[in-house]
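Chemist: Following this line is structure_39.pdb, made up of PDB, C-alpha atoms, pLDDT in the B column:
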MODEL        1
ATOM      1  CA  PRO A1237      -4.306  12.407  17.736  1.00 57.00           C
ATOM      2  CA  LYS A1238      -2.465  10.385  20.336  1.00 63.00           C
ATOM      3  CA  THR A1239      -4.100   7.196  19.038  1.00 65.00           C
ATOM      4  CA  VAL A1240      -2.195   7.571  15.772  1.00 68.00           C
ATOM      5  CA  GLN A1241       1.095   8.290  17.506  1.00 70.00           C
ATOM      6  CA  ALA A1242       0.724   5.149  19.613  1.00 76.00           C
ATOM      7  CA  THR A1243      -0.191   2.995  16.623  1.00 86.00           C
ATOM      8  CA  ARG A1244       2.205   0.154  15.908  1.00 92.00           C
ATOM      9  CA  PRO A1245       2.472  -2.009  12.792  1.00 95.00           C
ATOM     10  CA  LYS A1246       0.437  -5.204  12.843  1.00 96.00           C
ATOM     11  CA  THR A1247       1.897  -8.661  12.270  1.00 97.00           C
ATOM     12  CA  LEU A1248       3.160  -9.989   8.967  1.00 97.00           C
ATOM     13  CA  ALA A1249       0.496 -12.724   9.072  1.00 97.00           C
ATOM     14  CA  TRP A1250      -2.242 -10.076   9.448  1.00 97.00           C
ATOM     15  CA  LEU A1251      -0.757  -8.058   6.585  1.00 98.00           C
ATOM     16  CA  CYS A1252      -0.524 -11.029   4.206  1.00 97.00           C
ATOM     17  CA  LYS A1253      -4.165 -11.944   4.875  1.00 97.00           C
ATOM     18  CA  GLU A1254      -5.211  -8.315   4.387  1.00 98.00           C
ATOM     19  CA  ILE A1255      -3.291  -8.061   1.101  1.00 98.00           C
ATOM     20  CA  ASN A1256      -4.801 -11.314  -0.187  1.00 97.00           C
ATOM     21  CA  ASP A1257      -8.288 -10.066   0.730  1.00 97.00           C
ATOM     22  CA  ILE A1258      -7.611  -6.747  -1.008  1.00 97.00           C
ATOM     23  CA  PHE A1259      -6.273  -8.438  -4.151  1.00 96.00           C
ATOM     24  CA  ASN A1260      -9.364 -10.662  -4.266  1.00 97.00           C
ATOM     25  CA  GLU A1261     -11.703  -7.686  -3.860  1.00 97.00           C
ATOM     26  CA  LYS A1262      -9.754  -5.656  -6.445  1.00 97.00           C
ATOM     27  CA  THR A1263      -9.897  -8.530  -8.929  1.00 97.00           C
ATOM     28  CA  GLU A1264     -13.659  -8.801  -8.471  1.00 97.00           C
ATOM     29  CA  ALA A1265     -14.133  -5.014  -8.781  1.00 97.00           C
ATOM     30  CA  ASP A1266     -11.992  -4.941 -11.942  1.00 97.00           C
ATOM     31  CA  ARG A1267     -13.974  -7.820 -13.430  1.00 97.00           C
ATOM     32  CA  GLN A1268     -17.224  -6.004 -12.689  1.00 97.00           C
ATOM     33  CA  ASP A1269     -15.889  -2.743 -14.186  1.00 96.00           C
ATOM     34  CA  GLU A1270     -14.782  -4.570 -17.342  1.00 96.00           C
ATOM     35  CA  ASP A1271     -18.167  -6.324 -17.664  1.00 96.00           C
ATOM     36  CA  GLU A1272     -19.856  -2.906 -17.462  1.00 96.00           C
ATOM     37  CA  GLY A1273     -17.430  -1.369 -19.955  1.00 96.00           C
ATOM     38  CA  GLN A1274     -15.943   0.910 -17.298  1.00 95.00           C
ATOM     39  CA  GLN A1275     -12.290   1.735 -16.761  1.00 96.00           C
ATOM     40  CA  THR A1276     -10.757  -0.067 -13.793  1.00 95.00           C
ATOM     41  CA  GLN A1277      -9.664   1.973 -10.785  1.00 95.00           C
ATOM     42  CA  ALA A1278      -6.084   2.607  -9.819  1.00 94.00           C
ATOM     43  CA  MET A1279      -5.070   0.654  -6.713  1.00 94.00           C
ATOM     44  CA  ASN A1280      -4.816   3.736  -4.478  1.00 93.00           C
ATOM     45  CA  ASP A1281      -8.291   4.984  -5.437  1.00 94.00           C
ATOM     46  CA  PHE A1282      -9.671   1.496  -4.910  1.00 96.00           C
ATOM     47  CA  LEU A1283      -8.041   1.248  -1.463  1.00 96.00           C
ATOM     48  CA  MET A1284      -9.488   4.540  -0.262  1.00 95.00           C
ATOM     49  CA  GLU A1285     -12.982   3.513  -1.380  1.00 96.00           C
ATOM     50  CA  LEU A1286     -12.565   0.027   0.090  1.00 97.00           C
ATOM     51  CA  PHE A1287     -11.480   1.363   3.483  1.00 97.00           C
ATOM     52  CA  LEU A1288     -14.336   3.896   3.471  1.00 97.00           C
ATOM     53  CA  LYS A1289     -16.766   1.084   2.683  1.00 96.00           C
ATOM     54  CA  ARG A1290     -15.298  -1.175   5.385  1.00 96.00           C
ATOM     55  CA  TYR A1291     -15.122   1.379   8.199  1.00 95.00           C
ATOM     56  CA  GLY A1292     -17.904   3.807   7.290  1.00 94.00           C
ATOM     57  CA  LEU A1293     -16.446   6.925   8.848  1.00 94.00           C
ATOM     58  CA  ARG A1294     -13.680   8.757   7.009  1.00 94.00           C
ATOM     59  CA  ARG A1295     -11.610   9.134  10.190  1.00 92.00           C
ATOM     60  CA  LEU A1296     -11.717   5.379  10.865  1.00 93.00           C
ATOM     61  CA  ALA A1297     -10.953   4.596   7.227  1.00 95.00           C
ATOM     62  CA  GLU A1298      -7.920   6.906   7.270  1.00 93.00           C
ATOM     63  CA  LEU A1299      -6.673   5.517  10.572  1.00 93.00           C
ATOM     64  CA  ASN A1300      -6.931   1.924   9.318  1.00 94.00           C
ATOM     65  CA  LEU A1301      -5.314   2.855   6.007  1.00 95.00           C
ATOM     66  CA  TYR A1302      -2.491   4.451   8.012  1.00 94.00           C
ATOM     67  CA  VAL A1303      -2.028   1.191   9.968  1.00 95.00           C
ATOM     68  CA  PHE A1304      -2.006  -0.731   6.683  1.00 97.00           C
ATOM     69  CA  VAL A1305       0.659   1.567   5.193  1.00 96.00           C
ATOM     70  CA  ILE A1306       2.946   1.561   8.254  1.00 96.00           C
ATOM     71  CA  THR A1307       2.675  -2.221   8.374  1.00 97.00           C
ATOM     72  CA  ILE A1308       3.693  -2.399   4.706  1.00 97.00           C
ATOM     73  CA  LYS A1309       6.622  -0.119   5.502  1.00 95.00           C
ATOM     74  CA  GLU A1310       7.650  -2.499   8.290  1.00 96.00           C
ATOM     75  CA  TYR A1311       7.692  -5.658   6.128  1.00 97.00           C
ATOM     76  CA  TYR A1312       8.065  -4.749   2.435  1.00 96.00           C
ATOM     77  CA  GLN A1313      11.750  -5.723   2.333  1.00 95.00           C
ATOM     78  CA  LEU A1314      11.102  -9.075   4.012  1.00 96.00           C
ATOM     79  CA  ASN A1315       8.209 -10.496   2.013  1.00 96.00           C
ATOM     80  CA  SER A1316       7.566 -10.618  -1.745  1.00 96.00           C
ATOM     81  CA  LEU A1317       3.768 -10.299  -1.402  1.00 96.00           C
ATOM     82  CA  VAL A1318       4.163  -7.161   0.722  1.00 97.00           C
ATOM     83  CA  HIS A1319       6.793  -5.824  -1.667  1.00 97.00           C
ATOM     84  CA  SER A1320       4.391  -6.331  -4.596  1.00 95.00           C
ATOM     85  CA  MET A1321       1.638  -4.497  -2.737  1.00 96.00           C
ATOM     86  CA  ALA A1322       3.997  -1.595  -2.008  1.00 96.00           C
ATOM     87  CA  ARG A1323       4.806  -1.413  -5.732  1.00 94.00           C
ATOM     88  CA  PHE A1324       1.099  -1.524  -6.716  1.00 91.00           C
ATOM     89  CA  MET A1325       0.508   1.362  -4.328  1.00 93.00           C
ATOM     90  CA  ASN A1326       3.488   3.290  -5.754  1.00 91.00           C
ATOM     91  CA  LEU A1327       5.061   3.423  -2.307  1.00 91.00           C
ATOM     92  CA  ILE A1328       8.524   2.475  -3.499  1.00 87.00           C
ATOM     93  CA  ASP A1329      10.789   3.934  -6.125  1.00 79.00           C
ATOM     94  CA  GLU A1330      11.842   1.626  -8.878  1.00 65.00           C
ATOM     95  CA  PRO A1331      15.473   0.602  -8.438  1.00 64.00           C
ATOM     96  CA  LYS A1332      17.966   2.744 -10.317  1.00 60.00           C
ATOM     97  CA  LYS A1333      20.821   1.155 -12.196  1.00 57.00           C
ATOM     98  CA  LYS A1334      24.232   2.134 -10.948  1.00 56.00           C
ATOM     99  CA  LYS A1335      27.251   1.755 -13.194  1.00 54.00           C
ATOM    100  CA  THR A1336      30.166  -0.031 -11.635  1.00 56.00           C
ATOM    101  CA  HIS A1337      33.671  -0.771 -12.810  1.00 58.00           C
ATOM    102  CA  GLY A1338      33.708  -3.185 -15.720  1.00 57.00           C
ATOM    103  CA  ASP A1339      30.420  -1.831 -17.139  1.00 52.00           C
ATOM    104  CA  HIS A1340      28.334  -4.090 -14.902  1.00 54.00           C
ATOM    105  CA  SER A1341      25.199  -2.569 -13.484  1.00 51.00           C
ATOM    106  CA  LYS A1342      23.940  -2.961  -9.980  1.00 50.00           C
ATOM    107  CA  GLU A1343      20.504  -2.167  -8.553  1.00 52.00           C
ATOM    108  CA  GLU A1344      20.188   0.268  -5.687  1.00 49.00           C
ATOM    109  CA  SER A1345      17.838  -0.589  -2.860  1.00 51.00           C
ATOM    110  CA  HIS A1346      14.169   0.418  -2.856  1.00 51.00           C
ATOM    111  CA  ASP A1347      13.051   3.190  -0.563  1.00 51.00           C
ATOM    112  CA  ILE A1348       9.539   3.870   0.683  1.00 49.00           C
ATOM    113  CA  VAL A1349       8.415   7.262  -0.552  1.00 44.00           C
ATOM    114  CA  PRO A1350       5.134   9.109  -0.133  1.00 42.00           C
ATOM    115  CA  THR A1351       3.779   9.344  -3.676  1.00 37.00           C
ATOM    116  CA  ASN A1352       0.061   9.838  -3.231  1.00 41.00           C
ATOM    117  CA  LYS A1353      -1.714  12.434  -1.093  1.00 39.00           C
ATOM    118  CA  CYS A1354      -4.411   9.966  -0.043  1.00 39.00           C
ATOM    119  CA  LEU A1355      -1.733   7.638   1.290  1.00 45.00           C
ATOM    120  CA  ASP A1356       0.320  10.392   2.917  1.00 46.00           C
ATOM    121  CA  THR A1357      -1.032  10.029   6.423  1.00 44.00           C
ATOM    122  CA  SER A1358       1.514  12.306   8.077  1.00 46.00           C
ATOM    123  CA  TYR A1359      -1.220  14.877   8.672  1.00 37.00           C
ATOM    124  CA  LEU A1360      -2.887  12.417  11.069  1.00 38.00           C
ATOM    125  CA  THR A1361      -0.097  12.919  13.586  1.00 39.00           C
ATOM    126  CA  ALA A1362      -0.492  16.709  13.644  1.00 36.00           C
TER     127      ALA A1362
ENDMDL
END
Go ahead and render the structure in this file as structure tokens.
Modeler:
Amino acid sequence: PKTVQATRPKTLAWLCKEINDIFNEKTEADRQDEDEGQQTQAMNDFLMELFLKRYGLRRLAELNLYVFVITIKEYYQLNSLVHSMARFMNLIDEPKKKKTHGDHSKEESHDIVPTNKCLDTSYLTA
């Protein structure tokens, strides 16, 4: 839909608040699961359920999750909280060690990669 194509990332301040809210809700959900003897959910599964609960309709949940992901993509290299969230969501590859002269190793940069179908929102632009 055109609404997705016209969607822009939100502000860093919005994203940091959103991430803090999500971490708080995830912590509470994990605590509840542990109290009930249940296995805790993976972050991506939790996020999909959280967005469905927040927005009710699957289409709205997916659209808002898409905005969340593109906003992470915009800021993950600039902010450690956002970078941590991207890692929890498996959106970035772990850095690979590169051998350099003198047997010193150097980390390559992180790249955003689509690693989970529920977070691959490219189909929304079709």
Chemist: Any chance you could work out the residue set of the PyMOL selection byres ((chain A and resi 1276) around 10) here, as number ranges by chain?
Modeler: A: 1262-1263, 1265-1270, 1273-1275, 1277-1279, 1282
Chemist: If we count all atoms listed in the file and set the cut-off at 9 Å, which residues sit around stretch 1306-1320 of chain A, ignoring sequence neighbours fewer than 4 positions away in its own chain? Please answer as a list in words.
Modeler: Arg1244, Pro1245, Lys1246, Thr1247, Leu1248, Leu1251, Cys1252, Ile1255, Asn1256, Leu1301, Tyr1302, Phe1324, Met1325, Leu1327, Ile1328, His1346 and Ile1348 of chain A
Chemist: Let me see the file: selected residues, C-alpha atoms, as a short mmCIF file (atom, residue, chain, number, x, y, z; two decimals), keeping the file's coordinate frame.
Modeler:
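Here's the written file again11.cif:
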data_model
loop_
_atom_site.label_atom_id
_atom_site.label_comp_id
_atom_site.auth_asym_id
_atom_site.auth_seq_id
_atom_site.Cartn_x
_atom_site.Cartn_y
_atom_site.Cartn_z
CA ARG A 1244 2.20 0.15 15.91
CA PRO A 1245 2.47 -2.01 12.79
CA LYS A 1246 0.44 -5.20 12.84
CA THR A 1247 1.90 -8.66 12.27
CA LEU A 1248 3.16 -9.99 8.97
CA LEU A 1251 -0.76 -8.06 6.58
CA CYS A 1252 -0.52 -11.03 4.21
CA ILE A 1255 -3.29 -8.06 1.10
CA ASN A 1256 -4.80 -11.31 -0.19
CA LEU A 1301 -5.31 2.86 6.01
CA TYR A 1302 -2.49 4.45 8.01
CA PHE A 1324 1.10 -1.52 -6.72
CA MET A 1325 0.51 1.36 -4.33
CA LEU A 1327 5.06 3.42 -2.31
CA ILE A 1328 8.52 2.48 -3.50
CA HIS A 1346 14.17 0.42 -2.86
CA ILE A 1348 9.54 3.87 0.68
#
Chemist: Taking all atoms listed in the file into account, which of A:Met1321, A:Ile1258, A:Leu1299, A:Val1305 comes nearest A:Leu1286?
Modeler: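 For A:Leu1286, the nearest of the candidates is A:Ile1258.
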Chemist: Take every atom of stretch 1259-1270 of chain A listed in the file, fit an axis-aligned box around them, add 4 Å per side, and give the centre and edge lengths in Å to one decimal as AutoDock Vina command-line options.
Modeler:
--center_x -11.7 --center_y -6.7 --center_z -10.6 --size_x 19.0 --size_y 15.9 --size_z 21.5
Chemist: Please, what distance in Å, to one decimal, runs between atom CA of A:Ala1242 and atom CA of A:Glu1254?
Modeler: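 If I compute the distance from atom CA of A:Ala1242 to atom CA of A:Glu1254, I get 21.2 Å.
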Chemist: For the atom pair atom CA of A:Glu1264 and atom CA of A:Asp1329, what is the interatomic distance in Å to one decimal place?
Modeler: 27.7 Å
Chemist: One number please: atom CA of A:Asn1300 to atom CA of A:Phe1287, in Å, one decimal.
Modeler: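 Atom-to-atom, atom CA of A:Asn1300 to atom CA of A:Phe1287, that is 7.4 Å.
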